[in-house]
$ cat coords_35.cif   # mmCIF, C-alpha atoms
data_entry
loop_
_atom_site.group_PDB
_atom_site.id
_atom_site.type_symbol
_atom_site.label_atom_id
_atom_site.label_comp_id
_atom_site.auth_asym_id
_atom_site.auth_seq_id
_atom_site.Cartn_x
_atom_site.Cartn_y
_atom_site.Cartn_z
ATOM 1 C CA MET A 1 10.800 56.176 61.348
ATOM 2 C CA LEU A 2 8.384 54.089 59.300
ATOM 3 C CA ALA A 3 4.723 54.948 59.585
ATOM 4 C CA ILE A 4 2.502 51.859 59.631
ATOM 5 C CA ARG A 5 -0.889 52.413 58.048
ATOM 6 C CA THR A 6 -3.807 50.084 58.785
ATOM 7 C CA SER A 7 -5.213 48.946 55.463
ATOM 8 C CA LYS A 8 -8.327 46.973 54.587
ATOM 9 C CA MET A 9 -6.141 43.880 54.431
ATOM 10 C CA THR A 10 -4.506 44.346 57.813
ATOM 11 C CA LYS A 11 -7.735 44.978 59.743
ATOM 12 C CA PRO A 12 -8.920 41.339 59.513
ATOM 13 C CA ILE A 13 -5.474 40.210 60.648
ATOM 14 C CA ILE A 14 -5.687 42.469 63.701
ATOM 15 C CA TRP A 15 -9.161 41.119 64.480
ATOM 16 C CA LEU A 16 -7.930 37.560 64.128
ATOM 17 C CA PHE A 17 -5.026 38.293 66.422
ATOM 18 C CA GLY A 18 -7.380 39.748 69.019
ATOM 19 C CA ILE A 19 -9.619 36.707 68.805
ATOM 20 C CA SER A 20 -6.623 34.403 69.195
ATOM 21 C CA VAL A 21 -5.519 36.274 72.326
ATOM 22 C CA ALA A 22 -9.012 35.955 73.794
ATOM 23 C CA ALA A 23 -9.082 32.268 72.922
ATOM 24 C CA ALA A 24 -5.717 31.791 74.574
ATOM 25 C CA ALA A 25 -6.965 33.461 77.742
ATOM 26 C CA PHE A 26 -10.014 31.189 77.701
ATOM 27 C CA GLY A 27 -7.808 28.160 77.261
ATOM 28 C CA TYR A 28 -5.544 29.174 80.100
ATOM 29 C CA ALA A 29 -8.446 29.766 82.459
ATOM 30 C CA PHE A 30 -10.591 26.750 81.610
ATOM 31 C CA ILE A 31 -8.560 24.127 79.779
ATOM 32 C CA LEU A 32 -5.457 24.040 81.975
ATOM 33 C CA PRO A 33 -7.142 23.028 85.261
ATOM 34 C CA GLY A 34 -8.801 20.027 83.624
ATOM 35 C CA LEU A 35 -5.569 18.783 82.111
ATOM 36 C CA GLY A 36 -3.868 18.895 85.474
ATOM 37 C CA GLN A 37 -6.311 16.376 86.912
ATOM 38 C CA THR A 38 -5.113 13.486 84.734
ATOM 39 C CA ALA A 39 -3.579 11.472 87.566
ATOM 40 C CA LYS A 40 -6.525 11.871 89.928
ATOM 41 C CA ASN A 41 -8.279 8.780 88.565
ATOM 42 C CA VAL A 42 -5.141 6.627 88.523
ATOM 43 C CA ASP A 43 -3.923 4.816 91.630
ATOM 44 C CA LEU A 44 -0.193 5.007 91.035
ATOM 45 C CA ASN A 45 0.495 3.275 94.341
ATOM 46 C CA ALA A 46 -1.066 0.115 92.928
ATOM 47 C CA TYR A 47 1.993 -0.386 90.716
ATOM 48 C CA SER A 48 5.324 -1.853 91.813
ATOM 49 C CA ALA A 49 8.222 -0.044 90.164
ATOM 50 C CA ASP A 50 10.781 -2.088 88.231
ATOM 51 C CA VAL A 51 14.012 -0.146 87.715
ATOM 52 C CA GLU A 52 15.406 -2.572 85.137
ATOM 53 C CA ARG A 53 12.256 -2.323 83.057
ATOM 54 C CA GLY A 54 12.420 1.442 83.448
ATOM 55 C CA ALA A 55 15.832 1.465 81.770
ATOM 56 C CA TYR A 56 14.244 -0.391 78.866
ATOM 57 C CA VAL A 57 11.299 2.027 78.739
ATOM 58 C CA LEU A 58 13.822 4.871 78.428
ATOM 59 C CA ARG A 59 15.026 3.288 75.185
ATOM 60 C CA MET A 60 11.472 2.602 74.034
ATOM 61 C CA GLY A 61 10.672 6.277 74.462
ATOM 62 C CA GLY A 62 13.718 7.601 72.639
ATOM 63 C CA CYS A 63 14.487 9.796 75.649
ATOM 64 C CA VAL A 64 18.269 9.687 75.257
ATOM 65 C CA VAL A 65 18.244 11.226 71.781
ATOM 66 C CA CYS A 66 16.491 14.409 72.885
ATOM 67 C CA HIS A 67 17.713 14.800 76.455
ATOM 68 C CA THR A 68 21.412 14.244 75.745
ATOM 69 C CA ASP A 69 23.469 16.589 73.569
ATOM 70 C CA ILE A 70 24.971 13.660 71.670
ATOM 71 C CA ASP A 71 26.815 15.565 68.943
ATOM 72 C CA ASN A 72 28.638 17.738 71.473
ATOM 73 C CA GLY A 73 29.462 14.984 73.955
ATOM 74 C CA GLY A 74 26.826 16.071 76.446
ATOM 75 C CA VAL A 75 26.316 14.346 79.791
ATOM 76 C CA PHE A 76 23.728 11.537 79.796
ATOM 77 C CA LEU A 77 20.197 13.008 80.111
ATOM 78 C CA ALA A 78 21.504 16.379 81.336
ATOM 79 C CA GLY A 79 19.866 18.346 78.516
ATOM 80 C CA GLY A 80 19.808 18.126 74.745
ATOM 81 C CA ALA A 81 20.757 20.135 71.696
ATOM 82 C CA GLY A 82 18.355 22.637 70.181
ATOM 83 C CA LEU A 83 15.341 21.624 68.104
ATOM 84 C CA GLU A 84 14.806 24.320 65.499
ATOM 85 C CA THR A 85 11.216 25.024 64.414
ATOM 86 C CA PRO A 86 9.299 27.925 62.822
ATOM 87 C CA PHE A 87 8.383 28.991 66.372
ATOM 88 C CA GLY A 88 11.973 29.180 67.571
ATOM 89 C CA THR A 89 14.404 26.746 69.154
ATOM 90 C CA PHE A 90 13.364 24.277 71.846
ATOM 91 C CA TYR A 91 15.839 22.651 74.227
ATOM 92 C CA ALA A 92 15.095 19.341 75.941
ATOM 93 C CA PRO A 93 15.711 19.786 79.676
ATOM 94 C CA ASN A 94 17.874 18.042 82.226
ATOM 95 C CA ILE A 95 15.968 14.929 83.394
ATOM 96 C CA THR A 96 18.576 13.581 85.792
ATOM 97 C CA PRO A 97 17.448 13.371 89.458
ATOM 98 C CA ASP A 98 19.216 16.583 90.467
ATOM 99 C CA THR A 99 16.705 18.265 92.771
ATOM 100 C CA GLU A 100 17.441 21.811 91.610
ATOM 101 C CA HIS A 101 18.081 21.533 87.892
ATOM 102 C CA GLY A 102 16.638 18.117 87.038
ATOM 103 C CA ILE A 103 13.491 16.208 87.977
ATOM 104 C CA GLY A 104 14.610 14.918 91.368
ATOM 105 C CA ALA A 105 11.976 16.988 93.175
ATOM 106 C CA MET A 106 9.107 15.666 91.025
ATOM 107 C CA SER A 107 6.760 13.205 92.676
ATOM 108 C CA LEU A 108 5.520 10.179 90.760
ATOM 109 C CA GLU A 109 2.173 11.912 90.317
ATOM 110 C CA ASP A 110 3.908 15.049 88.985
ATOM 111 C CA PHE A 111 5.822 12.894 86.538
ATOM 112 C CA TYR A 112 2.702 11.050 85.402
ATOM 113 C CA VAL A 113 0.842 14.306 84.770
ATOM 114 C CA ALA A 114 3.836 15.707 82.881
ATOM 115 C CA MET A 115 4.092 12.634 80.664
ATOM 116 C CA THR A 116 0.407 12.271 79.861
ATOM 117 C CA ALA A 117 -1.053 15.765 80.154
ATOM 118 C CA GLY A 118 1.952 17.959 79.491
ATOM 119 C CA VAL A 119 1.493 19.986 82.668
ATOM 120 C CA THR A 120 4.313 21.058 85.000
ATOM 121 C CA PRO A 121 4.272 20.557 88.792
ATOM 122 C CA ASP A 122 3.521 24.299 89.016
ATOM 123 C CA GLY A 123 0.433 23.931 86.826
ATOM 124 C CA GLU A 124 1.883 25.427 83.647
ATOM 125 C CA HIS A 125 1.747 23.924 80.174
ATOM 126 C CA TYR A 126 4.782 22.215 78.751
ATOM 127 C CA PHE A 127 5.438 23.164 75.143
ATOM 128 C CA PRO A 128 4.536 20.325 72.745
ATOM 129 C CA SER A 129 8.166 19.850 71.742
ATOM 130 C CA PHE A 130 7.801 17.454 74.684
ATOM 131 C CA PRO A 131 5.825 14.763 72.802
ATOM 132 C CA TYR A 132 3.042 14.276 75.336
ATOM 133 C CA THR A 133 0.633 14.104 72.401
ATOM 134 C CA SER A 134 2.080 10.614 71.909
ATOM 135 C CA TYR A 135 3.110 9.921 75.497
ATOM 136 C CA GLY A 136 -0.538 10.336 76.489
ATOM 137 C CA HIS A 137 -0.925 6.741 75.218
ATOM 138 C CA PHE A 138 1.711 5.418 77.631
ATOM 139 C CA LYS A 139 0.728 2.506 79.861
ATOM 140 C CA THR A 140 0.741 3.527 83.495
ATOM 141 C CA GLU A 141 3.126 0.757 84.528
ATOM 142 C CA ASP A 142 5.670 1.946 81.961
ATOM 143 C CA ILE A 143 5.586 5.474 83.368
ATOM 144 C CA VAL A 144 6.020 4.154 86.907
ATOM 145 C CA ASP A 145 9.012 2.055 85.833
ATOM 146 C CA LEU A 146 10.568 4.914 83.861
ATOM 147 C CA LYS A 147 10.403 7.275 86.837
ATOM 148 C CA ALA A 148 11.969 4.615 89.062
ATOM 149 C CA TYR A 149 14.872 4.253 86.642
ATOM 150 C CA LEU A 150 15.399 7.990 86.187
ATOM 151 C CA ASP A 151 15.671 8.326 89.955
ATOM 152 C CA THR A 152 18.759 6.065 89.829
ATOM 153 C CA VAL A 153 20.625 8.054 87.152
ATOM 154 C CA GLU A 154 23.646 10.100 88.214
ATOM 155 C CA PRO A 155 22.304 13.584 89.076
ATOM 156 C CA VAL A 156 23.823 16.466 87.135
ATOM 157 C CA ALA A 157 23.701 20.013 88.530
ATOM 158 C CA ARG A 158 23.345 21.625 85.124
ATOM 159 C CA PRO A 159 20.614 24.197 84.426
ATOM 160 C CA SER A 160 18.372 23.397 81.483
ATOM 161 C CA GLN A 161 18.867 25.774 78.596
ATOM 162 C CA PRO A 162 15.830 28.044 78.162
ATOM 163 C CA HIS A 163 13.850 27.871 74.944
ATOM 164 C CA GLU A 164 14.403 30.633 72.404
ATOM 165 C CA LEU A 165 10.924 31.219 70.984
ATOM 166 C CA ILE A 166 9.248 34.034 69.117
ATOM 167 C CA TRP A 167 6.182 35.760 70.550
ATOM 168 C CA PRO A 168 3.348 34.803 70.887
ATOM 169 C CA PHE A 169 4.497 31.162 70.822
ATOM 170 C CA SER A 170 6.742 31.836 73.803
ATOM 171 C CA ASN A 171 3.622 32.386 75.923
ATOM 172 C CA ARG A 172 2.530 29.157 77.600
ATOM 173 C CA GLN A 173 -1.060 30.419 77.798
ATOM 174 C CA PHE A 174 -1.429 29.767 74.079
ATOM 175 C CA VAL A 175 -0.585 26.103 74.574
ATOM 176 C CA GLY A 176 -3.885 25.466 76.385
ATOM 177 C CA VAL A 177 -5.837 26.298 73.237
ATOM 178 C CA TRP A 178 -3.448 24.202 71.136
ATOM 179 C CA LYS A 179 -3.978 21.240 73.458
ATOM 180 C CA SER A 180 -7.751 21.536 73.169
ATOM 181 C CA LEU A 181 -7.314 20.979 69.440
ATOM 182 C CA TYR A 182 -4.536 18.407 69.292
ATOM 183 C CA HIS A 183 -4.105 16.574 72.583
ATOM 184 C CA THR A 184 -6.329 13.956 74.195
ATOM 185 C CA PRO A 185 -4.460 11.788 76.710
ATOM 186 C CA GLU A 186 -5.909 8.308 76.199
ATOM 187 C CA PRO A 187 -4.194 5.087 77.322
ATOM 188 C CA PHE A 188 -3.526 2.625 74.527
ATOM 189 C CA VAL A 189 -6.453 0.285 73.854
ATOM 190 C CA PRO A 190 -5.620 -2.998 72.048
ATOM 191 C CA ASN A 191 -7.462 -3.961 68.881
ATOM 192 C CA ASP A 192 -8.947 -7.395 69.568
ATOM 193 C CA ALA A 193 -9.132 -8.107 65.843
ATOM 194 C CA GLU A 194 -5.330 -7.988 65.557
ATOM 195 C CA SER A 195 -2.528 -10.179 66.899
ATOM 196 C CA ALA A 196 -0.641 -9.588 70.133
ATOM 197 C CA SER A 197 2.450 -8.667 68.100
ATOM 198 C CA TRP A 198 0.516 -6.125 66.024
ATOM 199 C CA ASN A 199 -0.918 -4.526 69.155
ATOM 200 C CA ARG A 200 2.477 -4.353 70.804
ATOM 201 C CA GLY A 201 3.845 -2.668 67.692
ATOM 202 C CA ALA A 202 0.949 -0.210 67.566
ATOM 203 C CA TYR A 203 1.615 0.729 71.176
ATOM 204 C CA LEU A 204 5.349 1.197 70.668
ATOM 205 C CA VAL A 205 4.961 3.226 67.458
ATOM 206 C CA ASN A 206 2.109 5.494 68.541
ATOM 207 C CA GLY A 207 2.939 5.768 72.241
ATOM 208 C CA PRO A 208 6.480 5.572 73.644
ATOM 209 C CA GLY A 209 8.239 5.571 70.273
ATOM 210 C CA HIS A 210 6.282 8.697 69.198
ATOM 211 C CA CYS A 211 7.191 7.991 65.562
ATOM 212 C CA GLY A 212 4.409 10.213 64.276
ATOM 213 C CA GLU A 213 5.980 13.291 65.843
ATOM 214 C CA CYS A 214 8.617 13.282 63.089
ATOM 215 C CA HIS A 215 7.021 11.202 60.333
ATOM 216 C CA THR A 216 3.701 13.096 60.192
ATOM 217 C CA ALA A 217 3.199 16.451 58.472
ATOM 218 C CA ARG A 218 2.128 19.464 60.550
ATOM 219 C CA ASN A 219 -0.008 22.511 59.876
ATOM 220 C CA LEU A 220 0.894 26.163 60.416
ATOM 221 C CA ILE A 221 0.431 25.988 64.180
ATOM 222 C CA GLY A 222 2.208 22.667 64.630
ATOM 223 C CA GLY A 223 -0.788 20.354 64.763
ATOM 224 C CA MET A 224 -0.207 16.930 63.245
ATOM 225 C CA SER A 225 -2.003 15.899 60.073
ATOM 226 C CA THR A 226 -4.553 13.094 60.169
ATOM 227 C CA ASN A 227 -2.349 11.318 57.601
ATOM 228 C CA THR A 228 -0.328 9.742 60.383
ATOM 229 C CA LEU A 229 3.167 8.492 59.499
ATOM 230 C CA GLU A 230 2.755 9.430 55.821
ATOM 231 C CA GLY A 231 5.850 11.625 55.762
ATOM 232 C CA THR A 232 6.494 15.337 55.935
ATOM 233 C CA GLY A 233 8.365 16.287 52.815
ATOM 234 C CA LYS A 234 10.665 19.269 53.157
ATOM 235 C CA SER A 235 9.001 22.003 55.179
ATOM 236 C CA SER A 236 9.710 24.642 57.776
ATOM 237 C CA PHE A 237 9.267 21.899 60.372
ATOM 238 C CA SER A 238 11.482 19.240 58.859
ATOM 239 C CA SER A 239 14.178 18.555 56.310
ATOM 240 C CA GLY A 240 11.952 15.706 55.225
ATOM 241 C CA ALA A 241 11.024 12.654 57.303
ATOM 242 C CA PRO A 242 9.951 9.876 54.917
ATOM 243 C CA ALA A 243 6.573 8.203 54.763
ATOM 244 C CA ILE A 244 6.484 4.922 56.684
ATOM 245 C CA ALA A 245 2.796 4.308 56.027
ATOM 246 C CA GLY A 246 0.361 4.748 53.156
ATOM 247 C CA SER A 247 0.822 4.512 49.404
ATOM 248 C CA ARG A 248 4.084 6.508 49.439
ATOM 249 C CA SER A 249 5.692 4.475 52.207
ATOM 250 C CA THR A 250 9.442 4.120 51.722
ATOM 251 C CA ILE A 251 9.358 0.751 53.489
ATOM 252 C CA ARG A 252 6.499 -0.615 51.416
ATOM 253 C CA ASP A 253 8.691 -3.128 49.571
ATOM 254 C CA TRP A 254 10.788 -4.091 52.578
ATOM 255 C CA SER A 255 10.343 -7.464 54.198
ATOM 256 C CA LEU A 256 9.650 -7.828 57.890
ATOM 257 C CA ASN A 257 13.257 -8.895 58.431
ATOM 258 C CA ASP A 258 14.528 -5.915 56.398
ATOM 259 C CA LEU A 259 12.777 -3.534 58.753
ATOM 260 C CA VAL A 260 13.927 -5.343 61.890
ATOM 261 C CA PHE A 261 17.510 -5.288 60.601
ATOM 262 C CA TYR A 262 17.241 -1.573 59.846
ATOM 263 C CA LEU A 263 15.998 -0.767 63.349
ATOM 264 C CA GLN A 264 18.855 -2.812 64.808
ATOM 265 C CA LEU A 265 21.765 -1.568 62.700
ATOM 266 C CA GLY A 266 20.567 1.340 60.567
ATOM 267 C CA LEU A 267 21.206 -0.485 57.272
ATOM 268 C CA THR A 268 18.634 -0.494 54.479
ATOM 269 C CA PRO A 269 18.014 -3.501 52.201
ATOM 270 C CA ASP A 270 20.124 -1.717 49.540
ATOM 271 C CA GLY A 271 23.080 -1.401 51.890
ATOM 272 C CA ASP A 272 22.659 2.321 52.551
ATOM 273 C CA VAL A 273 23.261 3.679 56.037
ATOM 274 C CA SER A 274 20.613 5.710 57.814
ATOM 275 C CA GLY A 275 21.454 9.377 58.228
ATOM 276 C CA GLY A 276 20.341 12.468 60.092
ATOM 277 C CA LYS A 277 18.722 12.114 63.490
ATOM 278 C CA MET A 278 17.449 8.637 62.637
ATOM 279 C CA ILE A 279 20.888 7.157 63.160
ATOM 280 C CA ASP A 280 20.808 8.523 66.729
ATOM 281 C CA VAL A 281 17.306 7.117 67.210
ATOM 282 C CA ILE A 282 18.611 3.706 66.196
ATOM 283 C CA GLU A 283 21.890 3.840 68.127
ATOM 284 C CA HIS A 284 20.401 5.138 71.366
ATOM 285 C CA GLY A 285 16.889 3.759 71.036
ATOM 286 C CA THR A 286 15.661 0.975 68.782
ATOM 287 C CA SER A 287 18.934 -0.989 68.733
ATOM 288 C CA HIS A 288 18.403 -1.584 72.470
ATOM 289 C CA LEU A 289 14.976 -3.166 71.985
ATOM 290 C CA THR A 290 14.352 -6.895 72.002
ATOM 291 C CA GLY A 291 13.974 -8.790 68.758
ATOM 292 C CA GLU A 292 10.380 -9.485 69.725
ATOM 293 C CA ASP A 293 9.589 -5.785 70.096
ATOM 294 C CA LEU A 294 11.346 -4.893 66.841
ATOM 295 C CA GLU A 295 9.339 -7.562 65.049
ATOM 296 C CA ALA A 296 6.181 -6.134 66.615
ATOM 297 C CA ILE A 297 7.042 -2.649 65.326
ATOM 298 C CA ALA A 298 7.736 -4.052 61.875
ATOM 299 C CA THR A 299 4.501 -6.059 61.900
ATOM 300 C CA TYR A 300 2.471 -2.977 62.716
ATOM 301 C CA LEU A 301 4.193 -0.650 60.242
ATOM 302 C CA LYS A 302 3.951 -3.168 57.415
ATOM 303 C CA SER A 303 0.189 -3.336 57.954
ATOM 304 C CA LEU A 304 -0.327 0.384 57.338
#

$ encode --input "coords_35.cif" --output "structure tokens"
Amino acid sequence: MLAIRTSKMTKPIIWLFGISVAAAAFGYAFILPGLGQTAKNVDLNAYSADVERGAYVLRMGGCVVCHTDIDNGGVFLAGGAGLETPFGTFYAPNITPDTEHGIGAMSLEDFYVAMTAGVTPDGEHYFPSFPYTSYGHFKTEDIVDLKAYLDTVEPVARPSQPHELIWPFSNRQFVGVWKSLYHTPEPFVPNDAESASWNRGAYLVNGPGHCGECHTARNLIGGMSTNTLEGTGKSSFSSGAPAIAGSRSTIRDWSLNDLVFYLQLGLTPDGDVSGGKMIDVIEHGTSHLTGEDLEAIATYLKSL
């Protein structure tokens, strides 16, 4: 058996670990209750649900790509393939209206809190593989419409696959501290100095489309860099999502029409075909958007 000796170098690490555990306990006790109150100030009954618009919001939010195991012929929205990260593998759950294995038992308020605050109906934290850090910018009416549409999907009695995470990241108590650092649910606020198209694009990119979740670098604990959309390079988090903003932007020399065409068909101005997960994002997400919305996205991205 190996004997582990505590050295001068390991003592600070042990102290740091102890502090992190205490911080996590603090976060669980004090941060979680506040996050669960997100819907209290929103009158969800004031909105009339539009199922058809909800189907469109599903495509805006890229929900199909994560919640359907596309490569293995999985059932629509019945649970996705694994997302491998340094913390382990996350699996997107079943979001069909099955009352036992899906979200059929969730009220509209439960759903709103989940989308914006990342809190379960039982008051636990969702792991941030669920991109509520971006979905916190969702417009309330879009969430109402999305829930109405999801309630019409064919229910699938398929259990969601549990995450396979390493400790301590498997402990949801730690997520409360993480949220205090990296998550502030704030509805999108238009910039009056910009056009309606620009503002629509900003909303789609930073809210429902959650583009920054892949195209922004992350630190050692998964927090996103302030250099939003400026690419990740190859890292333990990503095989390399390109920059779509800033001086290194890969779309810097593209025209507005080039970018719209790419989001419709996955073809670059040079005739190359998009690869990796982006082709799924296009096929099951952006290709379903209106020309007006695609132009809005392009207008916003080209301004960065």

$ atom_distance --input "coords_35.cif" --atom1 "CA of Ile251 in chain A" --atom2 "CA of Asp280 in chain A"
19.2 Å

$ closest_residue --input "coords_35.cif" --among "A:Ala114, A:Leu294, A:Ile282, A:Val75" --to "Val156 in chain A" --atoms "all atoms listed in the file"
A:Val75

$ closest_residue --input "coords_35.cif" --among "A:Leu304, A:Ile95, A:Leu58, A:Ala241" --to "Glu154 in chain A" --atoms "only C-alpha atoms"
A:Ile95

$ resolve_selection --input "coords_35.cif" --expression "the PyMOL selection byres ((chain A and resi 82) around 10)" --output "number ranges by chain"
A: 66, 69, 79-81, 83-85, 88-92, 161-164

$ write_last_selection --input "coords_35.cif" --atoms "C-alpha atoms" --output "PDB file, in the frame of the given file"
ATOM      1  CA  CYS A  66      16.491  14.409  72.885  1.00  0.00           C
ATOM      2  CA  ASP A  69      23.469  16.589  73.569  1.00  0.00           C
ATOM      3  CA  GLY A  79      19.866  18.346  78.516  1.00  0.00           C
ATOM      4  CA  GLY A  80      19.808  18.126  74.745  1.00  0.00           C
ATOM      5  CA  ALA A  81      20.757  20.135  71.696  1.00  0.00           C
ATOM      6  CA  LEU A  83      15.341  21.624  68.104  1.00  0.00           C
ATOM      7  CA  GLU A  84      14.806  24.320  65.499  1.00  0.00           C
ATOM      8  CA  THR A  85      11.216  25.024  64.414  1.00  0.00           C
ATOM      9  CA  GLY A  88      11.973  29.180  67.571  1.00  0.00           C
ATOM     10  CA  THR A  89      14.404  26.746  69.154  1.00  0.00           C
ATOM     11  CA  PHE A  90      13.364  24.277  71.846  1.00  0.00           C
ATOM     12  CA  TYR A  91      15.839  22.651  74.227  1.00  0.00           C
ATOM     13  CA  ALA A  92      15.095  19.341  75.941  1.00  0.00           C
ATOM     14  CA  GLN A 161      18.867  25.774  78.596  1.00  0.00           C
ATOM     15  CA  PRO A 162      15.830  28.044  78.162  1.00  0.00           C
ATOM     16  CA  HIS A 163      13.850  27.871  74.944  1.00  0.00           C
ATOM     17  CA  GLU A 164      14.403  30.633  72.404  1.00  0.00           C
TER      18      GLU A 164
END

$ resolve_selection --input "coords_35.cif" --expression "the PyMOL selection byres ((chain A and resi 288) around 10)" --output "count of residues only"
16

$ atom_distance --input "coords_35.cif" --atom1 "CA of Thr96 in chain A" --atom2 "CA of Tyr149 in chain A"
10.1 Å

$ atom_distance --input "coords_35.cif" --atom1 "CA of Gly275 in chain A" --atom2 "CA of Ser255 in chain A"
20.6 Å

$ residues_around --input "coords_35.cif" --residues "Asp151 in chain A" --least-positions-apart "3" --cutoff "8 Å" --atoms "all atoms listed in the file" --output "number ranges by chain"
A: 96-97, 104, 147-148

$ residues_around --input "coords_35.cif" --residues "Ile166 in chain A" --least-positions-apart "2" --cutoff "6 Å" --atoms "only C-alpha atoms" --output "PDB file with C-alpha atoms, keeping the file's coordinate frame"
ATOM      1  CA  PHE A  87       8.383  28.991  66.372  1.00  0.00           C
ATOM      2  CA  GLY A  88      11.973  29.180  67.571  1.00  0.00           C
ATOM      3  CA  PHE A 169       4.497  31.162  70.822  1.00  0.00           C
ATOM      4  CA  SER A 170       6.742  31.836  73.803  1.00  0.00           C
TER       5      SER A 170
END

$ closest_residue --input "coords_35.cif" --among "A:Leu181, A:Met278, A:Ile103, A:Ala49" --to "Thr133 in chain A" --atoms "only C-alpha atoms"
A:Leu181

$ axis_aligned_box --input "coords_35.cif" --around "range 155-165 of chain A" --padding-each-side "3 Å" --output "JSON"
{"center_x": 17.4, "center_y": 22.4, "center_z": 80.0, "size_x": 18.9, "size_y": 23.6, "size_z": 24.1}

$ closest_residue --input "coords_35.cif" --among "A:Arg200, A:Arg172, A:His101, A:His137" --to "Tyr300 in chain A" --atoms "all atoms listed in the file"
A:Arg200

$ residues_around --input "coords_35.cif" --residues "Ala157 in chain A" --least-positions-apart "6" --cutoff "9 Å" --atoms "only C-alpha atoms" --output "list in words"
Ala78, Asn94, Thr96, Asp98, Thr99, Glu100, His101 and Gly102 of chain A

$ write_last_selection --input "coords_35.cif" --atoms "C-alpha atoms" --output "short mmCIF file (atom, residue, chain, number, x, y, z; two decimals), in the frame of the given file"
data_model
loop_
_atom_site.label_atom_id
_atom_site.label_comp_id
_atom_site.auth_asym_id
_atom_site.auth_seq_id
_atom_site.Cartn_x
_atom_site.Cartn_y
_atom_site.Cartn_z
CA ALA A 78 21.50 16.38 81.34
CA ASN A 94 17.87 18.04 82.23
CA THR A 96 18.58 13.58 85.79
CA ASP A 98 19.22 16.58 90.47
CA THR A 99 16.70 18.26 92.77
CA GLU A 100 17.44 21.81 91.61
CA HIS A 101 18.08 21.53 87.89
CA GLY A 102 16.64 18.12 87.04
#

$ resolve_selection --input "coords_35.cif" --expression "the PyMOL selection byres ((chain A and resi 243) around 9)" --output "PDB file with C-alpha atoms, in the frame of the given file"
ATOM      1  CA  HIS A 215       7.021  11.202  60.333  1.00  0.00           C
ATOM      2  CA  THR A 216       3.701  13.096  60.192  1.00  0.00           C
ATOM      3  CA  LEU A 229       3.167   8.492  59.499  1.00  0.00           C
ATOM      4  CA  GLU A 230       2.755   9.430  55.821  1.00  0.00           C
ATOM      5  CA  GLY A 231       5.850  11.625  55.762  1.00  0.00           C
ATOM      6  CA  THR A 232       6.494  15.337  55.935  1.00  0.00           C
ATOM      7  CA  GLY A 233       8.365  16.287  52.815  1.00  0.00           C
ATOM      8  CA  ALA A 241      11.024  12.654  57.303  1.00  0.00           C
ATOM      9  CA  PRO A 242       9.951   9.876  54.917  1.00  0.00           C
ATOM     10  CA  ILE A 244       6.484   4.922  56.684  1.00  0.00           C
ATOM     11  CA  ALA A 245       2.796   4.308  56.027  1.00  0.00           C
ATOM     12  CA  GLY A 246       0.361   4.748  53.156  1.00  0.00           C
ATOM     13  CA  SER A 247       0.822   4.512  49.404  1.00  0.00           C
ATOM     14  CA  ARG A 248       4.084   6.508  49.439  1.00  0.00           C
ATOM     15  CA  SER A 249       5.692   4.475  52.207  1.00  0.00           C
ATOM     16  CA  THR A 250       9.442   4.120  51.722  1.00  0.00           C
ATOM     17  CA  ILE A 251       9.358   0.751  53.489  1.00  0.00           C
TER      18      ILE A 251
END

$ closest_residue --input "coords_35.cif" --among "A:Pro86, A:Ile279, A:Ser180, A:Asp253" --to "Trp167 in chain A" --atoms "all atoms listed in the file"
A:Pro86

$ closest_residue --input "coords_35.cif" --among "A:Arg218, A:Arg158, A:His125, A:Arg252" --to "Thr299 in chain A" --atoms "only C-alpha atoms"
A:Arg252

$ residues_around --input "coords_35.cif" --residues "Glu295 in chain A" --least-positions-apart "6" --cutoff "12 Å" --atoms "all atoms listed in the file" --output "compact mmCIF listing (two decimals) with C-alpha atoms, keeping the file's coordinate frame"
# COMPACT_ATOMS: atom_id res chain seq x y z
CA ALA A 196 -0.64 -9.59 70.13
CA SER A 197 2.45 -8.67 68.10
CA TRP A 198 0.52 -6.12 66.02
CA ASN A 199 -0.92 -4.53 69.16
CA ARG A 200 2.48 -4.35 70.80
CA GLY A 201 3.84 -2.67 67.69
CA ALA A 202 0.95 -0.21 67.57
CA LEU A 204 5.35 1.20 70.67
CA VAL A 205 4.96 3.23 67.46
CA SER A 255 10.34 -7.46 54.20
CA LEU A 256 9.65 -7.83 57.89
CA ASN A 257 13.26 -8.90 58.43
CA ASP A 258 14.53 -5.92 56.40
CA LEU A 259 12.78 -3.53 58.75
CA VAL A 260 13.93 -5.34 61.89
CA PHE A 261 17.51 -5.29 60.60
CA TYR A 262 17.24 -1.57 59.85
CA LEU A 263 16.00 -0.77 63.35
CA GLN A 264 18.86 -2.81 64.81
CA THR A 286 15.66 0.98 68.78
CA LEU A 289 14.98 -3.17 71.98
CA LEU A 301 4.19 -0.65 60.24
CA LYS A 302 3.95 -3.17 57.42
